[in-house]
file model_16.pdb (PDB, N, CA and C atoms)
ATOM      1  N   VAL L  17     -33.746 -12.415  18.890
ATOM      2  CA  VAL L  17     -34.913 -11.608  19.198
ATOM      3  C   VAL L  17     -36.100 -12.081  18.371
ATOM      4  N   GLY L  18     -35.866 -12.649  17.206
ATOM      5  CA  GLY L  18     -36.948 -13.176  16.392
ATOM      6  C   GLY L  18     -37.539 -12.176  15.424
ATOM      7  N   ILE L  19     -36.815 -11.132  15.077
ATOM      8  CA  ILE L  19     -37.308 -10.152  14.109
ATOM      9  C   ILE L  19     -36.886 -10.620  12.722
ATOM     10  N   LYS L  20     -37.860 -10.746  11.845
ATOM     11  CA  LYS L  20     -37.587 -11.226  10.495
ATOM     12  C   LYS L  20     -37.093 -10.090   9.615
ATOM     13  N   ASN L  21     -36.422 -10.459   8.556
ATOM     14  CA  ASN L  21     -35.897  -9.492   7.603
ATOM     15  C   ASN L  21     -37.064  -8.742   6.963
ATOM     16  N   GLY L  22     -36.999  -7.425   6.924
ATOM     17  CA  GLY L  22     -38.033  -6.597   6.313
ATOM     18  C   GLY L  22     -39.130  -6.173   7.277
ATOM     19  N   ALA L  23     -39.077  -6.621   8.535
ATOM     20  CA  ALA L  23     -40.095  -6.236   9.515
ATOM     21  C   ALA L  23     -39.856  -4.810   9.966
ATOM     22  N   LYS L  24     -40.970  -4.093  10.261
ATOM     23  CA  LYS L  24     -40.862  -2.724  10.764
ATOM     24  C   LYS L  24     -40.850  -2.775  12.284
ATOM     25  N   VAL L  25     -39.967  -1.973  12.875
ATOM     26  CA  VAL L  25     -39.811  -1.950  14.322
ATOM     27  C   VAL L  25     -39.909  -0.514  14.782
ATOM     28  N   LEU L  26     -40.687  -0.278  15.837
ATOM     29  CA  LEU L  26     -40.813   1.049  16.429
ATOM     30  C   LEU L  26     -40.086   1.030  17.760
ATOM     31  N   LEU L  27     -39.082   1.859  17.897
ATOM     32  CA  LEU L  27     -38.323   1.949  19.134
ATOM     33  C   LEU L  27     -38.682   3.242  19.843
ATOM     34  N   ILE L  28     -38.956   3.128  21.114
ATOM     35  CA  ILE L  28     -39.283   4.297  21.918
ATOM     36  C   ILE L  28     -38.274   4.343  23.057
ATOM     37  N   GLY L  29     -37.729   5.508  23.287
ATOM     38  CA  GLY L  29     -36.737   5.619  24.340
ATOM     39  C   GLY L  29     -36.728   6.999  24.950
ATOM     40  N   SER L  30     -35.875   7.164  25.933
ATOM     41  CA  SER L  30     -35.724   8.440  26.619
ATOM     42  C   SER L  30     -34.245   8.782  26.669
ATOM     43  N   SER L  31     -33.999  10.062  26.753
ATOM     44  CA  SER L  31     -32.600  10.484  26.863
ATOM     45  C   SER L  31     -32.126  10.252  28.292
ATOM     46  N   GLU L  32     -30.827  10.226  28.462
ATOM     47  CA  GLU L  32     -30.262   9.998  29.792
ATOM     48  C   GLU L  32     -30.668  11.099  30.762
ATOM     49  N   ALA L  33     -30.788  12.328  30.257
ATOM     50  CA  ALA L  33     -31.177  13.453  31.121
ATOM     51  C   ALA L  33     -32.612  13.262  31.633
ATOM     52  N   ASP L  34     -33.519  12.778  30.757
ATOM     53  CA  ASP L  34     -34.907  12.544  31.170
ATOM     54  C   ASP L  34     -34.991  11.441  32.221
ATOM     55  N   ILE L  35     -34.206  10.383  32.034
ATOM     56  CA  ILE L  35     -34.199   9.283  32.997
ATOM     57  C   ILE L  35     -33.661   9.754  34.342
ATOM     58  N   ALA L  36     -32.596  10.554  34.319
ATOM     59  CA  ALA L  36     -32.019  11.062  35.559
ATOM     60  C   ALA L  36     -33.005  11.976  36.280
ATOM     61  N   ALA L  37     -33.745  12.808  35.537
ATOM     62  CA  ALA L  37     -34.723  13.705  36.147
ATOM     63  C   ALA L  37     -35.872  12.913  36.774
ATOM     64  N   ALA L  38     -36.336  11.876  36.094
ATOM     65  CA  ALA L  38     -37.418  11.050  36.630
ATOM     66  C   ALA L  38     -36.960  10.287  37.864
ATOM     67  N   THR L  39     -35.732   9.802  37.846
ATOM     68  CA  THR L  39     -35.185   9.080  38.992
ATOM     69  C   THR L  39     -35.051  10.015  40.187
ATOM     70  N   ALA L  40     -34.647  11.235  39.941
ATOM     71  CA  ALA L  40     -34.490  12.209  41.025
ATOM     72  C   ALA L  40     -35.848  12.540  41.641
ATOM     73  N   LYS L  41     -36.882  12.681  40.810
ATOM     74  CA  LYS L  41     -38.220  12.972  41.332
ATOM     75  C   LYS L  41     -38.731  11.811  42.168
ATOM     76  N   THR L  42     -38.507  10.582  41.718
ATOM     77  CA  THR L  42     -38.961   9.399  42.451
ATOM     78  C   THR L  42     -38.232   9.293  43.781
ATOM     79  N   ALA L  43     -36.939   9.545  43.764
ATOM     80  CA  ALA L  43     -36.156   9.448  44.995
ATOM     81  C   ALA L  43     -36.582  10.516  45.992
ATOM     82  N   SER L  44     -36.852  11.742  45.516
ATOM     83  CA  SER L  44     -37.238  12.812  46.445
ATOM     84  C   SER L  44     -38.638  12.576  46.996
ATOM     85  N   SER L  45     -39.557  12.055  46.190
ATOM     86  CA  SER L  45     -40.897  11.790  46.709
ATOM     87  C   SER L  45     -40.889  10.574  47.617
ATOM     88  N   GLY L  46     -39.987   9.626  47.359
ATOM     89  CA  GLY L  46     -39.872   8.446  48.228
ATOM     90  C   GLY L  46     -39.389   8.835  49.608
ATOM     91  N   ALA L  47     -38.506   9.814  49.683
ATOM     92  CA  ALA L  47     -38.001  10.269  50.972
ATOM     93  C   ALA L  47     -39.061  11.072  51.713
ATOM     94  N   ALA L  48     -40.001  11.647  50.978
ATOM     95  CA  ALA L  48     -41.025  12.475  51.602
ATOM     96  C   ALA L  48     -42.240  11.663  52.039
ATOM     97  N   GLY L  49     -42.190  10.339  51.979
ATOM     98  CA  GLY L  49     -43.305   9.563  52.483
ATOM     99  C   GLY L  49     -43.913   8.603  51.483
ATOM    100  N   GLY L  50     -43.302   8.370  50.358
ATOM    101  CA  GLY L  50     -43.821   7.366  49.435
ATOM    102  C   GLY L  50     -44.510   7.984  48.241
ATOM    103  N   LEU L  51     -44.880   7.108  47.334
ATOM    104  CA  LEU L  51     -45.539   7.543  46.119
ATOM    105  C   LEU L  51     -47.042   7.614  46.331
ATOM    106  N   ALA L  52     -47.747   8.243  45.396
ATOM    107  CA  ALA L  52     -49.188   8.423  45.532
ATOM    108  C   ALA L  52     -49.911   7.090  45.588
ATOM    109  N   TRP L  53     -49.443   6.090  44.836
ATOM    110  CA  TRP L  53     -50.147   4.809  44.827
ATOM    111  C   TRP L  53     -49.852   3.983  46.073
ATOM    112  N   ASP L  54     -48.864   4.409  46.866
ATOM    113  CA  ASP L  54     -48.569   3.716  48.107
ATOM    114  C   ASP L  54     -49.449   4.178  49.258
ATOM    115  N   GLU L  55     -50.146   5.298  49.076
ATOM    116  CA  GLU L  55     -50.976   5.825  50.150
ATOM    117  C   GLU L  55     -52.224   4.969  50.313
ATOM    118  N   PRO L  56     -52.684   4.763  51.534
ATOM    119  CA  PRO L  56     -53.895   3.965  51.733
ATOM    120  C   PRO L  56     -55.114   4.680  51.171
ATOM    121  N   LYS L  57     -56.027   3.898  50.636
ATOM    122  CA  LYS L  57     -57.241   4.478  50.065
ATOM    123  C   LYS L  57     -58.181   4.889  51.189
ATOM    124  N   GLN L  58     -58.907   5.956  50.931
ATOM    125  CA  GLN L  58     -59.902   6.395  51.888
ATOM    126  C   GLN L  58     -61.140   5.538  51.718
ATOM    127  N   ASP L  59     -61.512   4.807  52.752
ATOM    128  CA  ASP L  59     -62.707   3.969  52.673
ATOM    129  C   ASP L  59     -63.930   4.841  52.851
ATOM    130  N   GLU L  60     -64.795   4.807  51.838
ATOM    131  CA  GLU L  60     -66.051   5.510  51.953
ATOM    132  C   GLU L  60     -67.165   4.494  51.796
ATOM    133  N   ASP L  61     -68.284   4.797  52.370
ATOM    134  CA  ASP L  61     -69.418   3.887  52.327
ATOM    135  C   ASP L  61     -69.894   3.762  50.881
ATOM    136  N   ILE L  62     -69.913   2.534  50.380
ATOM    137  CA  ILE L  62     -70.274   2.304  48.979
ATOM    138  C   ILE L  62     -71.732   2.675  48.709
ATOM    139  N   THR L  63     -72.565   2.612  49.732
ATOM    140  CA  THR L  63     -73.979   2.943  49.535
ATOM    141  C   THR L  63     -74.198   4.436  49.331
ATOM    142  N   LYS L  64     -73.217   5.244  49.650
ATOM    143  CA  LYS L  64     -73.341   6.696  49.476
ATOM    144  C   LYS L  64     -72.915   7.167  48.082
ATOM    145  N   GLN L  65     -72.251   6.291  47.326
ATOM    146  CA  GLN L  65     -71.825   6.663  45.988
ATOM    147  C   GLN L  65     -73.046   6.765  45.083
ATOM    148  N   PRO L  66     -73.079   7.760  44.190
ATOM    149  CA  PRO L  66     -74.283   8.006  43.382
ATOM    150  C   PRO L  66     -74.736   6.807  42.558
ATOM    151  N   GLN L  67     -73.802   6.077  41.937
ATOM    152  CA  GLN L  67     -74.208   4.964  41.083
ATOM    153  C   GLN L  67     -74.825   3.826  41.895
ATOM    154  N   HIS L  68     -74.462   3.689  43.167
ATOM    155  CA  HIS L  68     -75.011   2.627  44.002
ATOM    156  C   HIS L  68     -76.287   3.080  44.707
ATOM    157  N   SER L  69     -76.319   4.337  45.132
ATOM    158  CA  SER L  69     -77.503   4.807  45.856
ATOM    159  C   SER L  69     -78.736   4.806  44.963
ATOM    160  N   LYS L  70     -78.560   5.013  43.657
ATOM    161  CA  LYS L  70     -79.690   4.973  42.727
ATOM    162  C   LYS L  70     -80.304   3.575  42.698
ATOM    163  N   ILE L  71     -79.472   2.540  42.664
ATOM    164  CA  ILE L  71     -79.961   1.160  42.622
ATOM    165  C   ILE L  71     -80.530   0.752  43.976
ATOM    166  N   ILE L  72     -79.870   1.131  45.043
ATOM    167  CA  ILE L  72     -80.346   0.783  46.382
ATOM    168  C   ILE L  72     -81.682   1.451  46.664
ATOM    169  N   GLY L  73     -81.880   2.649  46.135
ATOM    170  CA  GLY L  73     -83.140   3.359  46.316
ATOM    171  C   GLY L  73     -84.331   2.640  45.697
ATOM    172  N   LYS L  74     -84.087   1.804  44.714
ATOM    173  CA  LYS L  74     -85.175   1.034  44.094
ATOM    174  C   LYS L  74     -85.702  -0.048  45.018
ATOM    175  N   GLY L  75     -84.918  -0.468  45.986
ATOM    176  CA  GLY L  75     -85.338  -1.520  46.905
ATOM    177  C   GLY L  75     -84.977  -2.893  46.370
ATOM    178  N   VAL L  76     -85.321  -3.910  47.135
ATOM    179  CA  VAL L  76     -85.020  -5.290  46.763
ATOM    180  C   VAL L  76     -86.006  -5.747  45.700
ATOM    181  N   PRO L  77     -85.526  -6.299  44.585
ATOM    182  CA  PRO L  77     -86.448  -6.804  43.560
ATOM    183  C   PRO L  77     -87.293  -7.946  44.109
ATOM    184  N   GLU L  78     -88.499  -8.077  43.584
ATOM    185  CA  GLU L  78     -89.398  -9.109  44.104
ATOM    186  C   GLU L  78     -88.908 -10.524  43.810
ATOM    187  N   GLU L  79     -88.115 -10.726  42.742
ATOM    188  CA  GLU L  79     -87.622 -12.068  42.410
ATOM    189  C   GLU L  79     -86.265 -12.370  43.034
ATOM    190  N   ALA L  80     -85.738 -11.479  43.843
ATOM    191  CA  ALA L  80     -84.390 -11.656  44.392
ATOM    192  C   ALA L  80     -84.338 -12.852  45.334
ATOM    193  N   MET L  81     -83.210 -13.557  45.290
ATOM    194  CA  MET L  81     -83.017 -14.699  46.185
ATOM    195  C   MET L  81     -82.635 -14.187  47.568
ATOM    196  N   PRO L  82     -83.192 -14.781  48.624
ATOM    197  CA  PRO L  82     -82.806 -14.345  49.969
ATOM    198  C   PRO L  82     -81.399 -14.801  50.291
ATOM    199  N   GLY L  83     -80.715 -14.034  51.093
ATOM    200  CA  GLY L  83     -79.369 -14.377  51.503
ATOM    201  C   GLY L  83     -79.298 -14.567  53.009
ATOM    202  N   ILE L  84     -78.201 -15.097  53.467
ATOM    203  CA  ILE L  84     -77.964 -15.288  54.889
ATOM    204  C   ILE L  84     -76.777 -14.413  55.258
ATOM    205  N   ALA L  85     -76.970 -13.507  56.198
ATOM    206  CA  ALA L  85     -75.928 -12.555  56.564
ATOM    207  C   ALA L  85     -74.710 -13.279  57.136
ATOM    208  N   ASP L  86     -73.542 -12.843  56.726
ATOM    209  CA  ASP L  86     -72.258 -13.341  57.217
ATOM    210  C   ASP L  86     -72.027 -14.823  56.933
ATOM    211  N   ARG L  87     -72.670 -15.382  55.905
ATOM    212  CA  ARG L  87     -72.464 -16.782  55.548
ATOM    213  C   ARG L  87     -72.322 -16.905  54.046
ATOM    214  N   GLN L  88     -71.520 -17.838  53.628
ATOM    215  CA  GLN L  88     -71.410 -18.170  52.211
ATOM    216  C   GLN L  88     -72.017 -19.548  52.023
ATOM    217  N   VAL L  89     -73.138 -19.578  51.325
ATOM    218  CA  VAL L  89     -73.849 -20.825  51.110
ATOM    219  C   VAL L  89     -73.629 -21.244  49.665
ATOM    220  N   PRO L  90     -73.156 -22.454  49.407
ATOM    221  CA  PRO L  90     -72.949 -22.880  48.017
ATOM    222  C   PRO L  90     -74.283 -22.990  47.280
ATOM    223  N   LEU L  91     -74.239 -22.651  46.014
ATOM    224  CA  LEU L  91     -75.441 -22.725  45.182
ATOM    225  C   LEU L  91     -75.648 -24.153  44.699
ATOM    226  N   PRO L  92     -76.887 -24.565  44.544
ATOM    227  CA  PRO L  92     -77.124 -25.910  44.007
ATOM    228  C   PRO L  92     -76.667 -26.001  42.552
ATOM    229  N   ASP L  93     -76.260 -27.197  42.145
ATOM    230  CA  ASP L  93     -75.782 -27.388  40.774
ATOM    231  C   ASP L  93     -76.887 -27.185  39.748
ATOM    232  N   THR L  94     -78.130 -27.324  40.162
ATOM    233  CA  THR L  94     -79.246 -27.175  39.226
ATOM    234  C   THR L  94     -79.565 -25.715  38.946
ATOM    235  N   LEU L  95     -79.019 -24.794  39.730
ATOM    236  CA  LEU L  95     -79.295 -23.372  39.537
ATOM    237  C   LEU L  95     -78.417 -22.829  38.417
ATOM    238  N   ASN L  96     -79.017 -22.430  37.318
ATOM    239  CA  ASN L  96     -78.262 -21.910  36.173
ATOM    240  C   ASN L  96     -78.457 -20.431  35.946
ATOM    241  N   ASN L  97     -79.457 -19.825  36.591
ATOM    242  CA  ASN L  97     -79.652 -18.392  36.375
ATOM    243  C   ASN L  97     -80.153 -17.712  37.642
ATOM    244  N   PHE L  98     -79.875 -16.415  37.706
ATOM    245  CA  PHE L  98     -80.341 -15.564  38.786
ATOM    246  C   PHE L  98     -81.265 -14.525  38.195
ATOM    247  N   ASN L  99     -82.447 -14.440  38.736
ATOM    248  CA  ASN L  99     -83.362 -13.367  38.369
ATOM    249  C   ASN L  99     -83.348 -12.342  39.493
ATOM    250  N   GLY L 100     -83.953 -11.208  39.246
ATOM    251  CA  GLY L 100     -84.070 -10.209  40.305
ATOM    252  C   GLY L 100     -82.806  -9.427  40.547
ATOM    253  N   LEU L 101     -82.048  -9.136  39.505
ATOM    254  CA  LEU L 101     -80.859  -8.293  39.613
ATOM    255  C   LEU L 101     -81.088  -7.009  38.836
ATOM    256  N   TYR L 102     -80.391  -5.959  39.205
ATOM    257  CA  TYR L 102     -80.459  -4.694  38.486
ATOM    258  C   TYR L 102     -79.133  -4.421  37.786
ATOM    259  N   SER L 103     -79.203  -3.836  36.603
ATOM    260  CA  SER L 103     -77.989  -3.402  35.906
ATOM    261  C   SER L 103     -77.569  -2.045  36.456
ATOM    262  N   SER L 104     -76.461  -1.533  35.970
ATOM    263  CA  SER L 104     -75.991  -0.226  36.436
ATOM    264  C   SER L 104     -76.929   0.901  36.004
ATOM    265  N   GLN L 105     -77.753   0.664  34.980
ATOM    266  CA  GLN L 105     -78.731   1.662  34.550
ATOM    267  C   GLN L 105     -80.039   1.543  35.321
ATOM    268  N   GLY L 106     -80.183   0.520  36.150
ATOM    269  CA  GLY L 106     -81.382   0.358  36.952
ATOM    270  C   GLY L 106     -82.432  -0.541  36.331
ATOM    271  N   SER L 107     -82.145  -1.174  35.201
ATOM    272  CA  SER L 107     -83.113  -2.081  34.585
ATOM    273  C   SER L 107     -82.889  -3.494  35.107
ATOM    274  N   LYS L 108     -83.949  -4.298  35.110
ATOM    275  CA  LYS L 108     -83.846  -5.666  35.599
ATOM    276  C   LYS L 108     -83.061  -6.515  34.608
ATOM    277  N   VAL L 109     -82.183  -7.347  35.138
ATOM    278  CA  VAL L 109     -81.380  -8.236  34.304
ATOM    279  C   VAL L 109     -81.403  -9.645  34.891
ATOM    280  N   ARG L 110     -81.024 -10.605  34.064
ATOM    281  CA  ARG L 110     -80.939 -12.009  34.452
ATOM    282  C   ARG L 110     -79.500 -12.464  34.194
ATOM    283  N   LEU L 111     -78.932 -13.109  35.168
ATOM    284  CA  LEU L 111     -77.570 -13.629  35.075
ATOM    285  C   LEU L 111     -77.677 -15.127  34.826
ATOM    286  N   THR L 112     -77.127 -15.602  33.701
ATOM    287  CA  THR L 112     -77.249 -17.009  33.331
ATOM    288  C   THR L 112     -75.857 -17.622  33.182
ATOM    289  N   PHE L 113     -75.676 -18.773  33.818
ATOM    290  CA  PHE L 113     -74.427 -19.520  33.708
ATOM    291  C   PHE L 113     -74.584 -20.563  32.610
ATOM    292  N   LYS L 114     -73.624 -20.627  31.708
ATOM    293  CA  LYS L 114     -73.598 -21.635  30.652
ATOM    294  C   LYS L 114     -72.374 -22.523  30.889
ATOM    295  N   PRO L 115     -72.505 -23.552  31.741
ATOM    296  CA  PRO L 115     -71.328 -24.360  32.095
ATOM    297  C   PRO L 115     -70.738 -25.122  30.923
ATOM    298  N   GLU L 116     -71.564 -25.508  29.945
ATOM    299  CA  GLU L 116     -71.039 -26.283  28.824
ATOM    300  C   GLU L 116     -70.072 -25.463  27.970
ATOM    301  N   SER L 117     -70.291 -24.159  27.901
ATOM    302  CA  SER L 117     -69.388 -23.300  27.130
ATOM    303  C   SER L 117     -68.561 -22.383  28.030
ATOM    304  N   GLN L 118     -68.677 -22.551  29.338
ATOM    305  CA  GLN L 118     -67.972 -21.745  30.324
ATOM    306  C   GLN L 118     -68.182 -20.258  30.076
ATOM    307  N   GLN L 119     -69.462 -19.881  29.964
ATOM    308  CA  GLN L 119     -69.815 -18.490  29.711
ATOM    309  C   GLN L 119     -70.771 -17.997  30.782
ATOM    310  N   LEU L 120     -70.793 -16.690  30.948
ATOM    311  CA  LEU L 120     -71.708 -16.012  31.841
ATOM    312  C   LEU L 120     -72.469 -15.005  31.005
ATOM    313  N   TRP L 121     -73.787 -15.117  30.951
ATOM    314  CA  TRP L 121     -74.611 -14.226  30.133
ATOM    315  C   TRP L 121     -75.374 -13.283  31.036
ATOM    316  N   ILE L 122     -75.440 -12.023  30.636
ATOM    317  CA  ILE L 122     -76.269 -11.028  31.309
ATOM    318  C   ILE L 122     -77.310 -10.592  30.295
ATOM    319  N   ALA L 123     -78.575 -10.832  30.621
ATOM    320  CA  ALA L 123     -79.657 -10.531  29.688
ATOM    321  C   ALA L 123     -80.716  -9.689  30.388
ATOM    322  N   SER L 124     -81.354  -8.824  29.616
ATOM    323  CA  SER L 124     -82.472  -8.030  30.121
ATOM    324  C   SER L 124     -83.674  -8.278  29.227
ATOM    325  N   ASN L 125     -84.739  -7.548  29.460
ATOM    326  CA  ASN L 125     -85.932  -7.707  28.629
ATOM    327  C   ASN L 125     -85.668  -7.253  27.194
ATOM    328  N   THR L 126     -84.764  -6.302  27.023
ATOM    329  CA  THR L 126     -84.497  -5.754  25.690
ATOM    330  C   THR L 126     -83.337  -6.446  24.986
ATOM    331  N   THR L 127     -82.387  -7.022  25.754
ATOM    332  CA  THR L 127     -81.242  -7.699  25.138
ATOM    333  C   THR L 127     -81.086  -9.090  25.714
ATOM    334  N   THR L 128     -80.584  -9.999  24.898
ATOM    335  CA  THR L 128     -80.329 -11.358  25.383
ATOM    336  C   THR L 128     -78.933 -11.784  24.987
TER     337      THR L 128
END
call {"tool": "encode", "arguments": {"input": "model_16.pdb", "output": "structure tokens"}}
result
Amino acid sequence: VGIKNGAKVLLIGSSEADIAAATAKTASSGAAGGLAWDEPKQDEDITKQPQHSKIIGKGVPEEAMPGIADRQVPLPDTLNNFNGLYSSQGSKVRLTFKPESQQLWIASNTTT
């Protein structure tokens, strides 16, 4: 196992009765139609969620890059940053790619 002499070990376990009770609950809920995480998620319009509707209400930023609907266009290699983005708080941010260090920076007027 690789435990050295003098090392402290914390063991956590359950009694056999607790395991049997949990197994019984899982088996009974499985027979009744599956577990909660197996149920399909309700799709709701993302634009109606409060955190998104606040940003969408601001409109398209003036520096935003235009897009082409239903197409994925590769970005040029010379493009290292995106201007015209909003943060979750609604402030303008800049997304910068640092390929030499494989980093992605998010900067605003107040933070860099």
call {"tool": "residues_around", "arguments": {"input": "model_16.pdb", "residues": "range 57-68 of chain L", "least_positions_apart": "3", "cutoff": "8 Å", "atoms": "only C-alpha atoms", "output": "PyMOL selection string"}}
result
chain L and resi 71-72+104
call {"tool": "select_by_dssp", "arguments": {"input": "model_16.pdb", "residues": "chain L", "states": "strand (DSSP E or B)", "output": "list of chain:residue names"}}
result
L:Asn97, L:Phe98, L:Asn99, L:Gly100, L:Leu101, L:Tyr102, L:Lys108, L:Val109, L:Arg110, L:Leu111, L:Thr112, L:Phe113, L:Lys114, L:Gln119, L:Leu120, L:Trp121, L:Ile122, L:Ala123, L:Ser124
call {"tool": "atom_distance", "arguments": {"input": "model_16.pdb", "atom1": "atom N of Lys114 in chain L", "atom2": "atom N of Thr127 in chain L"}}
result
17.2 Å
call {"tool": "resolve_selection", "arguments": {"input": "model_16.pdb", "expression": "the PyMOL selection byres ((chain L and resi 121) around 6.5)", "output": "list in words"}}
result
Arg110, Leu111, Thr112, Phe113, Lys114, Gln119, Leu120, Ile122 and Ala123 of chain L
call {"tool": "atom_distance", "arguments": {"input": "model_16.pdb", "atom1": "atom C of Val76 in chain L", "atom2": "CA of Asp93 in chain L"}}
result
24.4 Å
call {"tool": "residues_around", "arguments": {"input": "model_16.pdb", "residues": "range 78-83 of chain L", "least_positions_apart": "5", "cutoff": "12 Å", "atoms": "only C-alpha atoms", "output": "CSV table (one decimal) with N, CA and C atoms, in the frame of the given file"}}
result
chain,number,residue,atom,x,y,z
L,88,GLN,N,-71.5,-17.8,53.6
L,88,GLN,CA,-71.4,-18.2,52.2
L,88,GLN,C,-72.0,-19.5,52.0
L,89,VAL,N,-73.1,-19.6,51.3
L,89,VAL,CA,-73.8,-20.8,51.1
L,89,VAL,C,-73.6,-21.2,49.7
L,90,PRO,N,-73.2,-22.5,49.4
L,90,PRO,CA,-72.9,-22.9,48.0
L,90,PRO,C,-74.3,-23.0,47.3
L,91,LEU,N,-74.2,-22.7,46.0
L,91,LEU,CA,-75.4,-22.7,45.2
L,91,LEU,C,-75.6,-24.2,44.7
L,95,LEU,N,-79.0,-24.8,39.7
L,95,LEU,CA,-79.3,-23.4,39.5
L,95,LEU,C,-78.4,-22.8,38.4
L,97,ASN,N,-79.5,-19.8,36.6
L,97,ASN,CA,-79.7,-18.4,36.4
L,97,ASN,C,-80.2,-17.7,37.6
L,98,PHE,N,-79.9,-16.4,37.7
L,98,PHE,CA,-80.3,-15.6,38.8
L,98,PHE,C,-81.3,-14.5,38.2
L,99,ASN,N,-82.4,-14.4,38.7
L,99,ASN,CA,-83.4,-13.4,38.4
L,99,ASN,C,-83.3,-12.3,39.5
L,100,GLY,N,-84.0,-11.2,39.2
L,100,GLY,CA,-84.1,-10.2,40.3
L,100,GLY,C,-82.8,-9.4,40.5
L,101,LEU,N,-82.0,-9.1,39.5
L,101,LEU,CA,-80.9,-8.3,39.6
L,101,LEU,C,-81.1,-7.0,38.8
L,102,TYR,N,-80.4,-6.0,39.2
L,102,TYR,CA,-80.5,-4.7,38.5
L,102,TYR,C,-79.1,-4.4,37.8
L,108,LYS,N,-83.9,-4.3,35.1
L,108,LYS,CA,-83.8,-5.7,35.6
L,108,LYS,C,-83.1,-6.5,34.6
L,109,VAL,N,-82.2,-7.3,35.1
L,109,VAL,CA,-81.4,-8.2,34.3
L,109,VAL,C,-81.4,-9.6,34.9
L,110,ARG,N,-81.0,-10.6,34.1
L,110,ARG,CA,-80.9,-12.0,34.5
L,110,ARG,C,-79.5,-12.5,34.2
L,111,LEU,N,-78.9,-13.1,35.2
L,111,LEU,CA,-77.6,-13.6,35.1
L,111,LEU,C,-77.7,-15.1,34.8
call {"tool": "atom_distance", "arguments": {"input": "model_16.pdb", "atom1": "CA of Pro92 in chain L", "atom2": "CA of Asn125 in chain L"}}
result
25.4 Å
call {"tool": "select_by_dssp", "arguments": {"input": "model_16.pdb", "residues": "chain L", "states": "alpha helix (DSSP H)", "output": "PyMOL selection string"}}
result
chain L and resi 32-47+66-73
